[in-house]
file query_12.cif (mmCIF, C-alpha atoms)
data_query
#
loop_
_atom_site.label_atom_id
_atom_site.label_comp_id
_atom_site.auth_asym_id
_atom_site.auth_seq_id
_atom_site.Cartn_x
_atom_site.Cartn_y
_atom_site.Cartn_z
CA MET Q 1 0.00 0.00 0.00
CA THR Q 2 1.52 3.29 -1.08
CA PHE Q 3 0.63 6.59 0.49
CA HIS Q 4 0.36 9.92 -1.23
CA TRP Q 5 0.82 12.29 1.64
CA HIS Q 6 2.03 14.98 -0.79
CA VAL Q 7 -1.64 15.46 -1.71
CA VAL Q 8 -2.17 16.79 1.80
CA TRP Q 9 0.82 19.15 1.62
CA ASP Q 10 -0.14 20.32 -1.91
CA ASN Q 11 -3.63 21.26 -0.71
CA LEU Q 12 -2.63 22.76 2.60
CA ASP Q 13 -3.92 26.19 1.60
CA ARG Q 14 -7.40 24.77 0.96
CA PHE Q 15 -7.44 22.90 4.28
CA ALA Q 16 -6.41 26.18 5.92
CA ALA Q 17 -9.14 28.14 4.11
CA GLY Q 18 -11.68 25.57 5.29
CA ALA Q 19 -10.39 25.75 8.85
CA VAL Q 20 -10.79 29.54 8.79
CA VAL Q 21 -14.45 29.19 7.74
CA THR Q 22 -15.00 26.63 10.54
CA VAL Q 23 -13.59 29.07 13.10
CA GLU Q 24 -15.62 31.96 11.65
CA LEU Q 25 -18.82 29.91 11.87
CA THR Q 26 -18.10 28.93 15.48
CA VAL Q 27 -17.24 32.44 16.67
CA LEU Q 28 -20.07 34.18 14.80
CA THR Q 29 -22.67 31.64 15.91
CA MET Q 30 -21.68 31.87 19.57
CA ALA Q 31 -21.52 35.69 19.43
CA LEU Q 32 -25.13 35.74 18.17
CA SER Q 33 -26.37 32.86 20.34
CA ILE Q 34 -25.47 34.46 23.68
CA PRO Q 35 -27.88 37.40 23.18
CA GLY Q 36 -30.26 34.97 21.43
CA GLY Q 37 -30.20 32.58 24.38
CA LEU Q 38 -30.65 35.43 26.88
CA LEU Q 39 -33.65 36.71 24.94
CA LEU Q 40 -35.25 33.24 24.90
CA ALA Q 41 -34.53 32.79 28.61
CA PHE Q 42 -36.20 36.12 29.42
CA LEU Q 43 -39.19 35.23 27.24
CA ARG Q 44 -39.53 31.93 29.12
CA LEU Q 45 -39.59 33.83 32.43
CA SER Q 46 -42.17 36.31 31.07
CA PRO Q 47 -45.37 37.00 33.05
CA PHE Q 48 -47.46 36.37 29.90
CA ALA Q 49 -48.39 32.72 29.41
CA ALA Q 50 -48.61 33.01 25.61
CA VAL Q 51 -45.07 34.43 25.39
CA ARG Q 52 -43.75 31.70 27.68
CA ALA Q 53 -45.47 28.99 25.64
CA ALA Q 54 -44.13 30.30 22.32
CA ALA Q 55 -40.56 30.55 23.62
CA THR Q 56 -40.78 27.09 25.20
CA ALA Q 57 -42.10 25.58 21.96
CA PHE Q 58 -39.21 27.14 20.00
CA VAL Q 59 -36.60 25.87 22.45
CA GLU Q 60 -38.04 22.35 22.72
CA LEU Q 61 -38.39 22.07 18.93
CA PHE Q 62 -34.74 22.94 18.31
CA ARG Q 63 -33.52 20.77 21.19
CA SER Q 64 -35.52 17.73 20.10
CA THR Q 65 -34.67 17.55 16.39
CA PRO Q 66 -31.36 16.82 14.64
CA LEU Q 67 -29.23 19.84 13.74
CA ILE Q 68 -28.52 18.43 10.28
CA LEU Q 69 -32.28 18.39 9.57
CA GLN Q 70 -32.63 21.94 10.91
CA ILE Q 71 -29.93 23.06 8.49
CA TYR Q 72 -31.70 21.39 5.56
CA TRP Q 73 -34.98 22.88 6.71
CA VAL Q 74 -33.60 26.42 6.91
CA TYR Q 75 -31.95 25.95 3.51
CA TYR Q 76 -34.87 24.41 1.56
CA VAL Q 77 -38.06 25.28 3.45
CA LEU Q 78 -37.58 28.69 5.05
CA PRO Q 79 -37.19 30.46 1.66
CA THR Q 80 -40.66 29.21 0.64
CA PHE Q 81 -42.15 31.10 3.59
CA SER Q 82 -40.15 34.29 3.34
CA GLU Q 83 -39.42 34.53 -0.40
CA ILE Q 84 -35.84 35.38 0.53
CA GLN Q 85 -33.04 32.99 -0.39
CA PHE Q 86 -30.00 33.58 1.78
CA PRO Q 87 -26.54 32.51 0.61
CA ALA Q 88 -25.32 29.19 2.06
CA PHE Q 89 -23.07 30.73 4.73
CA GLU Q 90 -25.84 32.97 6.11
CA THR Q 91 -28.28 30.05 6.00
CA ALA Q 92 -25.86 27.95 8.01
CA VAL Q 93 -25.45 30.71 10.60
CA ILE Q 94 -29.25 31.09 10.94
CA GLY Q 95 -29.65 27.33 11.52
CA LEU Q 96 -26.77 27.14 13.99
CA VAL Q 97 -27.89 30.25 15.89
CA CYS Q 98 -31.46 28.93 16.34
CA ASN Q 99 -30.05 25.64 17.62
CA ILE Q 100 -27.34 27.00 19.94
CA SER Q 101 -29.60 29.82 21.25
CA SER Q 102 -32.06 27.15 22.38
CA TYR Q 103 -29.37 25.29 24.30
CA ASN Q 104 -27.99 28.56 25.72
CA SER Q 105 -31.45 29.65 26.88
CA GLU Q 106 -31.71 26.52 29.05
CA THR Q 107 -28.27 27.24 30.48
CA PHE Q 108 -29.13 30.88 31.22
CA ARG Q 109 -32.51 30.02 32.66
CA ALA Q 110 -30.92 27.50 35.04
CA GLY Q 111 -28.33 30.11 35.98
CA ILE Q 112 -30.93 32.82 36.66
CA VAL Q 113 -33.19 30.46 38.63
CA SER Q 114 -30.20 29.26 40.70
CA ILE Q 115 -29.75 32.72 42.25
CA ARG Q 116 -31.54 32.67 45.61
CA ALA Q 117 -34.79 34.60 46.02
CA GLY Q 118 -33.17 36.58 48.86
CA GLN Q 119 -30.99 38.34 46.30
CA TRP Q 120 -34.12 39.52 44.47
CA ASN Q 121 -35.79 40.60 47.68
CA ALA Q 122 -32.73 42.50 48.89
CA GLY Q 123 -32.40 44.32 45.56
CA LEU Q 124 -36.08 45.25 45.47
CA ALA Q 125 -35.94 46.35 49.14
CA LEU Q 126 -33.11 48.75 48.22
CA GLY Q 127 -35.49 50.43 45.77
CA MET Q 128 -34.22 48.90 42.53
CA SER Q 129 -36.63 48.06 39.71
CA ARG Q 130 -36.93 44.41 38.60
CA ALA Q 131 -34.88 45.19 35.48
CA GLN Q 132 -32.16 46.76 37.62
CA VAL Q 133 -32.05 43.76 39.97
CA MET Q 134 -31.76 41.46 36.94
CA ALA Q 135 -29.01 43.50 35.30
CA ARG Q 136 -26.95 44.44 38.36
CA ILE Q 137 -27.51 41.65 40.90
CA VAL Q 138 -28.73 38.45 39.27
CA LEU Q 139 -27.02 38.32 35.86
CA PRO Q 140 -23.46 39.08 37.12
CA GLN Q 141 -23.74 36.23 39.64
CA ALA Q 142 -25.42 33.90 37.14
CA ALA Q 143 -22.72 34.61 34.53
CA MET Q 144 -20.03 32.87 36.61
CA ARG Q 145 -22.26 29.84 37.13
CA VAL Q 146 -23.18 29.35 33.48
CA LEU Q 147 -19.61 29.65 32.21
CA PRO Q 148 -18.81 25.88 32.42
CA ALA Q 149 -22.04 24.92 30.59
CA LEU Q 150 -21.42 27.59 27.95
CA ALA Q 151 -17.90 26.28 27.41
CA THR Q 152 -19.24 22.76 26.87
CA THR Q 153 -21.75 24.10 24.32
CA TRP Q 154 -18.90 25.96 22.62
CA VAL Q 155 -16.98 22.73 21.89
CA SER Q 156 -20.05 20.88 20.61
CA LEU Q 157 -20.79 23.90 18.42
CA PHE Q 158 -17.26 23.75 17.03
CA LYS Q 159 -17.82 20.09 16.15
CA ASP Q 160 -21.33 20.62 14.81
CA THR Q 161 -20.25 23.32 12.34
CA SER Q 162 -18.98 20.40 10.22
CA LEU Q 163 -22.63 19.59 9.39
CA VAL Q 164 -23.04 22.75 7.32
CA SER Q 165 -20.92 21.09 4.62
CA VAL Q 166 -24.17 19.37 3.52
CA ILE Q 167 -25.45 22.69 2.16
CA ASN Q 168 -22.09 23.43 0.51
CA VAL Q 169 -20.67 25.91 2.98
CA GLU Q 170 -16.94 25.69 2.31
CA ASP Q 171 -15.79 24.77 5.80
CA LEU Q 172 -13.04 22.32 6.72
CA SER Q 173 -15.10 19.17 6.15
CA TYR Q 174 -16.48 20.45 2.80
CA GLN Q 175 -12.98 21.31 1.54
CA SER Q 176 -11.58 17.98 2.72
CA LEU Q 177 -14.33 15.92 1.09
CA LYS Q 178 -13.86 17.90 -2.12
CA ILE Q 179 -10.10 17.34 -2.15
CA ARG Q 180 -10.77 13.63 -1.55
CA THR Q 181 -13.13 13.44 -4.54
CA GLU Q 182 -10.75 15.33 -6.82
CA THR Q 183 -7.58 13.42 -5.96
CA PHE Q 184 -8.93 9.94 -5.08
CA THR Q 185 -6.59 9.87 -2.08
CA ILE Q 186 -9.09 8.77 0.52
CA LEU Q 187 -7.12 7.65 3.57
CA GLU Q 188 -4.58 10.49 3.47
CA VAL Q 189 -7.12 13.29 3.03
CA LEU Q 190 -9.59 11.90 5.59
CA THR Q 191 -6.79 11.40 8.11
CA ALA Q 192 -5.58 14.96 7.52
CA MET Q 193 -9.13 16.23 8.03
CA ALA Q 194 -9.46 14.33 11.32
CA ALA Q 195 -6.00 15.50 12.41
CA ILE Q 196 -6.77 19.17 11.74
CA TYR Q 197 -10.06 18.96 13.63
CA TRP Q 198 -8.23 17.20 16.46
CA LEU Q 199 -5.48 19.85 16.59
CA MET Q 200 -8.12 22.57 16.86
CA GLY Q 201 -10.59 20.73 19.10
CA TYR Q 202 -8.33 18.97 21.61
CA PRO Q 203 -6.99 22.15 23.26
CA GLN Q 204 -10.55 23.46 23.45
CA ALA Q 205 -11.75 20.28 25.18
CA LYS Q 206 -8.89 20.59 27.68
CA LEU Q 207 -9.69 24.25 28.26
CA VAL Q 208 -13.31 23.31 28.99
CA ASP Q 209 -12.14 20.79 31.61
CA TRP Q 210 -10.06 23.53 33.23
CA ILE Q 211 -13.02 25.94 33.23
CA HIS Q 212 -15.18 23.24 34.84
CA ARG Q 213 -12.61 22.75 37.62
CA ARG Q 214 -12.01 26.48 38.09
CA TYR Q 215 -15.62 27.74 38.03
CA LYS Q 216 -17.43 24.77 39.54
CA ALA Q 217 -20.71 26.01 41.04
CA ALA Q 218 -20.17 26.78 44.70
CA GLU Q 219 -22.48 28.68 46.97
CA MET Z 1 -47.83 29.21 -0.37
CA ASP Z 2 -49.57 25.95 -1.15
CA ILE Z 3 -49.16 22.68 0.65
CA ASP Z 4 -49.45 19.40 -1.24
CA LEU Z 5 -49.36 16.34 0.96
CA THR Z 6 -49.92 13.75 -1.81
CA PRO Z 7 -46.22 12.91 -2.38
CA LEU Z 8 -45.70 12.56 1.36
CA LEU Z 9 -48.70 10.25 1.74
CA LEU Z 10 -47.69 8.17 -1.29
CA ARG Z 11 -44.21 7.59 0.13
CA LEU Z 12 -45.36 7.12 3.72
CA PRO Z 13 -44.54 3.35 3.89
CA PHE Z 14 -41.05 4.09 2.56
CA LEU Z 15 -40.52 6.80 5.20
CA ALA Z 16 -42.02 4.64 7.95
CA LYS Z 17 -39.41 1.99 7.17
CA ALA Z 18 -36.75 4.68 7.39
CA LEU Z 19 -38.11 5.76 10.77
CA LEU Z 20 -37.75 2.16 12.00
CA MET Z 21 -34.15 2.21 10.76
CA THR Z 22 -33.55 5.43 12.72
CA ILE Z 23 -34.88 3.76 15.88
CA GLU Z 24 -32.77 0.65 15.26
CA LEU Z 25 -29.65 2.70 14.53
CA SER Z 26 -30.02 4.85 17.64
CA LEU Z 27 -30.74 1.88 19.92
CA PHE Z 28 -27.80 -0.17 18.58
CA SER Z 29 -25.43 2.78 18.85
CA MET Z 30 -26.71 3.47 22.39
CA VAL Z 31 -25.94 -0.16 23.33
CA VAL Z 32 -22.43 0.09 21.85
CA GLY Z 33 -22.01 3.47 23.56
CA LEU Z 34 -23.13 2.07 26.93
CA VAL Z 35 -20.81 -0.96 26.72
CA VAL Z 36 -17.81 1.15 25.67
CA GLY Z 37 -18.72 3.91 28.11
CA ILE Z 38 -19.16 1.69 31.18
CA VAL Z 39 -15.90 -0.19 30.53
CA VAL Z 40 -13.94 3.02 29.87
CA GLY Z 41 -15.59 4.95 32.71
CA VAL Z 42 -14.93 2.22 35.29
CA ALA Z 43 -11.38 1.64 34.02
CA ARG Z 44 -10.58 5.36 34.18
CA THR Z 45 -11.93 5.65 37.71
CA TYR Z 46 -10.41 2.53 39.26
CA GLY Z 47 -7.81 1.31 36.76
CA GLY Z 48 -4.84 3.38 37.78
CA ARG Z 49 -2.93 6.18 36.12
CA ILE Z 50 -1.84 4.53 32.88
CA ALA Z 51 -5.32 3.29 31.98
CA ASP Z 52 -6.69 6.73 32.86
CA ALA Z 53 -4.18 8.47 30.57
CA ILE Z 54 -4.70 6.16 27.57
CA LEU Z 55 -8.49 6.04 27.82
CA GLY Z 56 -8.58 9.76 28.59
CA PHE Z 57 -6.89 10.32 25.25
CA TYR Z 58 -9.65 8.35 23.51
CA VAL Z 59 -12.38 10.27 25.35
CA ASP Z 60 -10.86 13.70 24.67
CA THR Z 61 -10.27 12.80 21.02
CA MET Z 62 -13.93 11.91 20.54
CA ARG Z 63 -14.88 15.12 22.32
CA SER Z 64 -12.79 17.17 19.89
CA VAL Z 65 -13.41 15.53 16.50
CA PRO Z 66 -16.82 16.02 14.81
CA LEU Z 67 -19.13 13.00 14.54
CA LEU Z 68 -19.27 13.57 10.77
CA VAL Z 69 -15.50 13.03 10.59
CA VAL Z 70 -15.69 9.90 12.76
CA LEU Z 71 -18.43 8.40 10.56
CA ILE Z 72 -16.77 9.23 7.25
CA TRP Z 73 -13.44 7.98 8.51
CA THR Z 74 -15.03 4.72 9.69
CA VAL Z 75 -16.80 3.97 6.42
CA PHE Z 76 -14.03 4.98 3.99
CA ALA Z 77 -10.73 4.60 5.77
CA PHE Z 78 -11.53 1.52 7.86
CA PRO Z 79 -11.54 -0.88 4.87
CA LEU Z 80 -8.23 0.57 3.61
CA VAL Z 81 -6.58 0.09 7.00
CA PHE Z 82 -8.07 -3.26 8.00
CA GLY Z 83 -8.37 -4.78 4.55
CA HIS Z 84 -12.06 -5.49 4.32
CA ALA Z 85 -15.13 -3.37 3.75
CA ILE Z 86 -17.95 -3.00 6.25
CA GLY Z 87 -21.58 -2.20 5.47
CA THR Z 88 -22.86 1.33 5.99
CA LEU Z 89 -25.17 0.22 8.81
CA THR Z 90 -22.31 -1.49 10.66
CA ALA Z 91 -20.11 1.55 10.08
CA GLY Z 92 -22.90 3.80 11.31
CA VAL Z 93 -23.47 1.80 14.50
CA LEU Z 94 -19.71 1.56 15.16
CA GLY Z 95 -18.99 5.23 14.48
CA LEU Z 96 -22.00 6.52 16.42
CA GLY Z 97 -21.38 4.07 19.28
CA VAL Z 98 -17.68 4.83 19.67
CA HIS Z 99 -18.38 8.58 19.56
CA LEU Z 100 -21.23 8.30 22.06
CA GLY Z 101 -19.16 5.96 24.26
CA ALA Z 102 -16.79 8.80 25.15
CA TYR Z 103 -19.67 10.89 26.49
CA VAL Z 104 -21.14 7.90 28.35
CA ALA Z 105 -17.69 7.28 29.89
CA GLU Z 106 -17.54 10.85 31.19
CA THR Z 107 -21.02 10.50 32.68
CA ILE Z 108 -20.14 7.15 34.32
CA ARG Z 109 -16.92 8.58 35.75
CA ALA Z 110 -18.74 11.59 37.20
CA GLY Z 111 -21.39 9.28 38.69
CA LEU Z 112 -18.85 6.87 40.21
CA THR Z 113 -16.78 9.64 41.79
CA SER Z 114 -19.97 11.17 43.23
CA VAL Z 115 -20.50 8.11 45.45
CA ARG Z 116 -18.76 8.83 48.76
CA LYS Z 117 -15.54 6.99 49.64
CA GLY Z 118 -17.13 5.59 52.81
CA GLN Z 119 -19.33 3.34 50.65
CA MET Z 120 -16.31 1.61 49.15
CA GLN Z 121 -14.61 1.36 52.55
CA ALA Z 122 -17.73 -0.12 54.14
CA ALA Z 123 -18.08 -2.69 51.35
CA ARG Z 124 -14.41 -3.65 51.65
CA ALA Z 125 -14.74 -3.91 55.45
CA LEU Z 126 -17.61 -6.35 54.91
CA GLY Z 127 -15.22 -8.57 52.98
CA MET Z 128 -16.21 -7.72 49.39
CA SER Z 129 -13.56 -7.57 46.70
CA ARG Z 130 -13.07 -4.22 44.94
CA PHE Z 131 -14.79 -5.59 41.84
CA GLU Z 132 -17.71 -6.86 43.90
CA ALA Z 133 -18.00 -3.52 45.72
CA ILE Z 134 -18.09 -1.61 42.43
CA ARG Z 135 -20.66 -3.97 40.93
CA LYS Z 136 -22.97 -4.34 43.94
CA ILE Z 137 -22.60 -1.09 45.88
CA ILE Z 138 -21.12 1.74 43.84
CA LEU Z 139 -22.45 1.17 40.32
CA PRO Z 140 -26.16 0.72 41.26
CA GLN Z 141 -26.18 4.02 43.18
CA ALA Z 142 -24.16 5.78 40.50
CA LEU Z 143 -26.43 4.53 37.71
CA VAL Z 144 -29.50 6.05 39.38
CA ARG Z 145 -27.72 9.39 39.75
CA MET Z 146 -26.59 9.25 36.13
CA LEU Z 147 -30.06 8.50 34.80
CA PRO Z 148 -30.87 12.08 33.71
CA SER Z 149 -27.55 12.42 31.86
CA LEU Z 150 -27.88 8.97 30.28
CA GLY Z 151 -31.42 9.88 29.21
CA SER Z 152 -30.24 13.01 27.47
CA LEU Z 153 -27.48 10.96 25.83
CA LEU Z 154 -30.21 8.66 24.44
CA THR Z 155 -31.91 11.66 22.82
CA PHE Z 156 -28.49 12.64 21.48
CA ALA Z 157 -28.14 9.13 20.03
CA ILE Z 158 -31.43 9.62 18.18
CA LYS Z 159 -30.52 13.09 16.91
CA ASP Z 160 -26.96 12.09 15.99
CA SER Z 161 -28.21 9.08 14.01
CA ALA Z 162 -29.38 11.63 11.41
CA VAL Z 163 -25.73 12.41 10.67
CA ALA Z 164 -25.38 8.83 9.38
CA SER Z 165 -27.36 10.06 6.35
CA VAL Z 166 -24.02 11.43 5.12
CA ILE Z 167 -22.68 7.86 4.80
CA ALA Z 168 -25.94 6.72 3.16
CA VAL Z 169 -27.44 4.64 5.95
CA PRO Z 170 -31.09 4.39 4.84
CA GLU Z 171 -32.50 6.10 7.94
CA LEU Z 172 -35.13 8.83 8.16
CA MET Z 173 -32.91 11.83 7.29
CA ARG Z 174 -31.39 10.08 4.29
CA GLN Z 175 -34.68 8.72 2.94
CA SER Z 176 -36.36 12.11 3.42
CA GLN Z 177 -33.63 13.61 1.26
CA VAL Z 178 -34.27 10.92 -1.34
CA VAL Z 179 -38.02 11.53 -1.41
CA ALA Z 180 -37.60 15.33 -1.34
CA GLY Z 181 -35.16 15.10 -4.23
CA GLN Z 182 -37.52 12.91 -6.29
CA THR Z 183 -40.69 14.91 -5.68
CA TYR Z 184 -39.33 18.45 -5.16
CA HIS Z 185 -41.71 18.78 -2.19
CA PHE Z 186 -38.97 19.82 0.23
CA LYS Z 187 -41.33 21.79 2.44
CA GLU Z 188 -43.74 18.95 3.23
CA ILE Z 189 -41.13 16.18 3.45
CA TYR Z 190 -38.64 18.01 5.68
CA THR Z 191 -41.39 19.38 7.92
CA ALA Z 192 -42.79 15.86 8.31
CA ALA Z 193 -39.31 14.58 9.19
CA MET Z 194 -38.97 17.39 11.74
CA ILE Z 195 -42.27 16.35 13.37
CA ALA Z 196 -41.26 12.67 13.36
CA TYR Z 197 -37.93 13.36 15.09
CA PHE Z 198 -39.64 15.62 17.61
CA LEU Z 199 -42.23 12.95 18.43
CA LEU Z 200 -39.37 10.50 18.92
CA CYS Z 201 -37.03 12.64 21.06
CA TYR Z 202 -39.36 14.73 23.19
CA PRO Z 203 -41.22 11.81 24.88
CA VAL Z 204 -37.88 10.09 25.57
CA ALA Z 205 -36.57 13.18 27.36
CA ARG Z 206 -39.78 13.67 29.35
CA GLY Z 207 -40.12 9.93 30.05
CA VAL Z 208 -36.63 9.70 31.50
CA ASP Z 209 -37.39 12.72 33.71
CA ARG Z 210 -40.48 10.97 35.06
CA ILE Z 211 -38.67 7.69 35.71
CA TYR Z 212 -35.89 9.58 37.46
CA ARG Z 213 -38.32 11.39 39.77
CA ARG Z 214 -39.64 7.99 40.81
CA VAL Z 215 -36.29 6.33 41.49
CA ALA Z 216 -34.14 9.33 42.59
CA HIS Z 217 -34.28 8.29 46.25
CA LEU Z 218 -32.51 4.99 45.42
CA GLY Z 219 -29.39 6.92 44.46
CA SER Z 220 -28.87 8.75 47.72
CA SER Z 221 -26.69 7.31 50.43
#
call {"tool": "encode", "arguments": {"input": "query_12.cif", "output": "structure tokens"}}
result
Amino acid sequence: MTFHWHVVWDNLDRFAAGAVVTVELTVLTMALSIPGGLLLAFLRLSPFAAVRAAATAFVELFRSTPLILQIYWVYYVLPTFSEIQFPAFETAVIGLVCNISSYNSETFRAGIVSIRAGQWNAGLALGMSRAQVMARIVLPQAAMRVLPALATTWVSLFKDTSLVSVINVEDLSYQSLKIRTETFTILEVLTAMAAIYWLMGYPQAKLVDWIHRRYKAAE
Amino acid sequence: MDIDLTPLLLRLPFLAKALLMTIELSLFSMVVGLVVGIVVGVARTYGGRIADAILGFYVDTMRSVPLLVVLIWTVFAFPLVFGHAIGTLTAGVLGLGVHLGAYVAETIRAGLTSVRKGQMQAARALGMSRFEAIRKIILPQALVRMLPSLGSLLTFAIKDSAVASVIAVPELMRQSQVVAGQTYHFKEIYTAAMIAYFLLCYPVARGVDRIYRRVAHLGSS
């Protein structure tokens, strides 16, 4: 069995371009999903039952269906409702943001609920409005507690971005599979793809472990 | 916007078969994941430093490489390395199971370490071997505590099985793509698939919650 590792070296620029898109997708999605998750969490704590029900339905739908199907759905079905066809990259970001926001909202909600009622009472007794108590007392304390869960979501997001290759977003997995098809060097290209993901993902997984140890919830 | 359900209804038996395949695929991969995960989790907790380091490398690798990559690597590279081809279903079950196993192992490890040391000491003082103590005292308590996490891993197994569509396992995601491509009724087919997956995952998540509420007291010591 002869190997053609030079194929990997010859196409290094394309692997790198794909890796950049993967990182862009991860960072952009998380940047949008933190406000998105907060919004959903607030809606689920709303005093209006209809608002709560709608937000809950959204979150449960995105948490109970496969991401790959959500991406297909946003790509093929959403345009038939809105008459707007987004480019593939934007479509991928929309799908990922809906999915990750739903997971984040559960994290945030748990964080907000975990702050003792006494903190609310004390804030209100000092003459703050509910919004002020939320912004100045509850959220800062909740932020530390949700950090480990957010970090875990971050790594699964990084891995899940690979699924957008099915709608031809040119991320690392799309580029790798294309190079494989063009050069017929299966083992070398697939191993390089796995190795690049590993090199990027492994330090992140280790960082998450450290964050879990460092910021473990303690009253 | 007009909705035409005829193509969906005509291909319903085809899609129902695919749904069965999805259930089969997720259950098989959950079984593989549980076997791998329990062995790795127990070995990492009680097996000493070397076992912990080696198996930790496996767990962290699966946590850092996308499932898509694991599946594609299994189906295409496996035959080149080991000399003989495997079917897509086998590759799907193996890839999904080995990926899931890492997450099960982490859950098992967390559950085992959550059982207080005194339990092991008491079991040993009563004359049990370490293996016996793990099997009869530690693991039963830990399993109850892990139930919520294991339940959510089962819903992950169902959702992740859709990724096996990329390696052409004839499960619901893949067959929906096939039907959508043949009929051009993407809207109806993909929405139906969405509903089917939801009806599969949501009751599992809620059901596990209910079972846990009933047995939670068995896990406290």
call {"tool": "resolve_selection", "arguments": {"input": "query_12.cif", "expression": "the PyMOL selection byres ((chain Q) within 6 of (chain Z))", "output": "list in words"}}
result
Ser64, Thr65, Pro66, Val77, Lys159, Leu187, Tyr197, Trp198, Gly201 and Tyr202 of chain Q
call {"tool": "residues_around", "arguments": {"input": "query_12.cif", "residues": "Ile112 in chain Q", "least_positions_apart": "2", "cutoff": "12 Å", "atoms": "all atoms listed in the file", "output": "VMD selection string"}}
result
chain Q and resid 38 41 to 42 44 to 45 105 to 110 114 to 117 119 to 120 133 to 135 137 to 146
call {"tool": "residues_around", "arguments": {"input": "query_12.cif", "residues": "range 81-95 of chain Q", "least_positions_apart": "2", "cutoff": "7 Å", "atoms": "only C-alpha atoms", "output": "number ranges by chain"}}
result
Q: 25, 29, 70-71, 74-75, 78-79, 97-99, 164, 167-169
call {"tool": "atom_distance", "arguments": {"input": "query_12.cif", "atom1": "CA of Ser101 in chain Q", "atom2": "CA of Val155 in chain Q"}}
result
14.5 Å
call {"tool": "atom_distance", "arguments": {"input": "query_12.cif", "atom1": "CA of Val40 in chain Z", "atom2": "CA of Arg214 in chain Q"}}
result
24.9 Å
call {"tool": "residues_around", "arguments": {"input": "query_12.cif", "residues": "Val93 in chain Z", "least_positions_apart": "6", "cutoff": "9 Å", "atoms": "all atoms listed in the file", "output": "VMD selection string"}}
result
chain Z and resid 25 to 26 28 to 30 32 161 164
call {"tool": "resolve_selection", "arguments": {"input": "query_12.cif", "expression": "the PyMOL selection byres ((chain Q and resi 172) around 9)", "output": "count of residues only"}}
result
21
call {"tool": "closest_residue", "arguments": {"input": "query_12.cif", "among": "Q:Ser129, Q:Thr80, Q:Thr153, Q:Asn11", "to": "Ala205 in chain Q", "atoms": "all atoms listed in the file"}}
result
Q:Thr153
call {"tool": "resolve_selection", "arguments": {"input": "query_12.cif", "expression": "the PyMOL selection byres ((chain Z and resi 108) around 10)", "output": "ChimeraX atom specification"}}
result
/Z:34,37-42,44-45,102-107,109-114,139,142-143,145-146,149-150
call {"tool": "write_last_selection", "arguments": {"input": "query_12.cif", "atoms": "C-alpha atoms", "output": "PDB file, in the frame of the given file"}}
result
ATOM      1  CA  LEU Z  34     -23.130   2.070  26.930  1.00  0.00           C
ATOM      2  CA  GLY Z  37     -18.720   3.910  28.110  1.00  0.00           C
ATOM      3  CA  ILE Z  38     -19.160   1.690  31.180  1.00  0.00           C
ATOM      4  CA  VAL Z  39     -15.900  -0.190  30.530  1.00  0.00           C
ATOM      5  CA  VAL Z  40     -13.940   3.020  29.870  1.00  0.00           C
ATOM      6  CA  GLY Z  41     -15.590   4.950  32.710  1.00  0.00           C
ATOM      7  CA  VAL Z  42     -14.930   2.220  35.290  1.00  0.00           C
ATOM      8  CA  ARG Z  44     -10.580   5.360  34.180  1.00  0.00           C
ATOM      9  CA  THR Z  45     -11.930   5.650  37.710  1.00  0.00           C
ATOM     10  CA  ALA Z 102     -16.790   8.800  25.150  1.00  0.00           C
ATOM     11  CA  TYR Z 103     -19.670  10.890  26.490  1.00  0.00           C
ATOM     12  CA  VAL Z 104     -21.140   7.900  28.350  1.00  0.00           C
ATOM     13  CA  ALA Z 105     -17.690   7.280  29.890  1.00  0.00           C
ATOM     14  CA  GLU Z 106     -17.540  10.850  31.190  1.00  0.00           C
ATOM     15  CA  THR Z 107     -21.020  10.500  32.680  1.00  0.00           C
ATOM     16  CA  ARG Z 109     -16.920   8.580  35.750  1.00  0.00           C
ATOM     17  CA  ALA Z 110     -18.740  11.590  37.200  1.00  0.00           C
ATOM     18  CA  GLY Z 111     -21.390   9.280  38.690  1.00  0.00           C
ATOM     19  CA  LEU Z 112     -18.850   6.870  40.210  1.00  0.00           C
ATOM     20  CA  THR Z 113     -16.780   9.640  41.790  1.00  0.00           C
ATOM     21  CA  SER Z 114     -19.970  11.170  43.230  1.00  0.00           C
ATOM     22  CA  LEU Z 139     -22.450   1.170  40.320  1.00  0.00           C
ATOM     23  CA  ALA Z 142     -24.160   5.780  40.500  1.00  0.00           C
ATOM     24  CA  LEU Z 143     -26.430   4.530  37.710  1.00  0.00           C
ATOM     25  CA  ARG Z 145     -27.720   9.390  39.750  1.00  0.00           C
ATOM     26  CA  MET Z 146     -26.590   9.250  36.130  1.00  0.00           C
ATOM     27  CA  SER Z 149     -27.550  12.420  31.860  1.00  0.00           C
ATOM     28  CA  LEU Z 150     -27.880   8.970  30.280  1.00  0.00           C
TER      29      LEU Z 150
END
call {"tool": "atom_distance", "arguments": {"input": "query_12.cif", "atom1": "CA of Ala16 in chain Z", "atom2": "CA of Leu172 in chain Z"}}
result
8.1 Å
call {"tool": "closest_residue", "arguments": {"input": "query_12.cif", "among": "Z:Phe82, Z:Ala133, Z:Ala168, Z:Tyr212", "to": "Val115 in chain Z", "atoms": "only C-alpha atoms"}}
result
Z:Ala133
call {"tool": "closest_residue", "arguments": {"input": "query_12.cif", "among": "Q:Leu67, Q:Asn104, Q:Arg136, Q:Trp210", "to": "Pro35 in chain Q", "atoms": "only C-alpha atoms"}}
result
Q:Asn104
call {"tool": "axis_aligned_box", "arguments": {"input": "query_12.cif", "around": "range 197-213 of chain Z", "padding_each_side": "4 Å", "output": "lines of an AutoDock Vina configuration file"}}
result
center_x = -39.1
center_y = 11.7
center_z = 27.4
size_x = 14.3
size_y = 15.9
size_z = 32.7
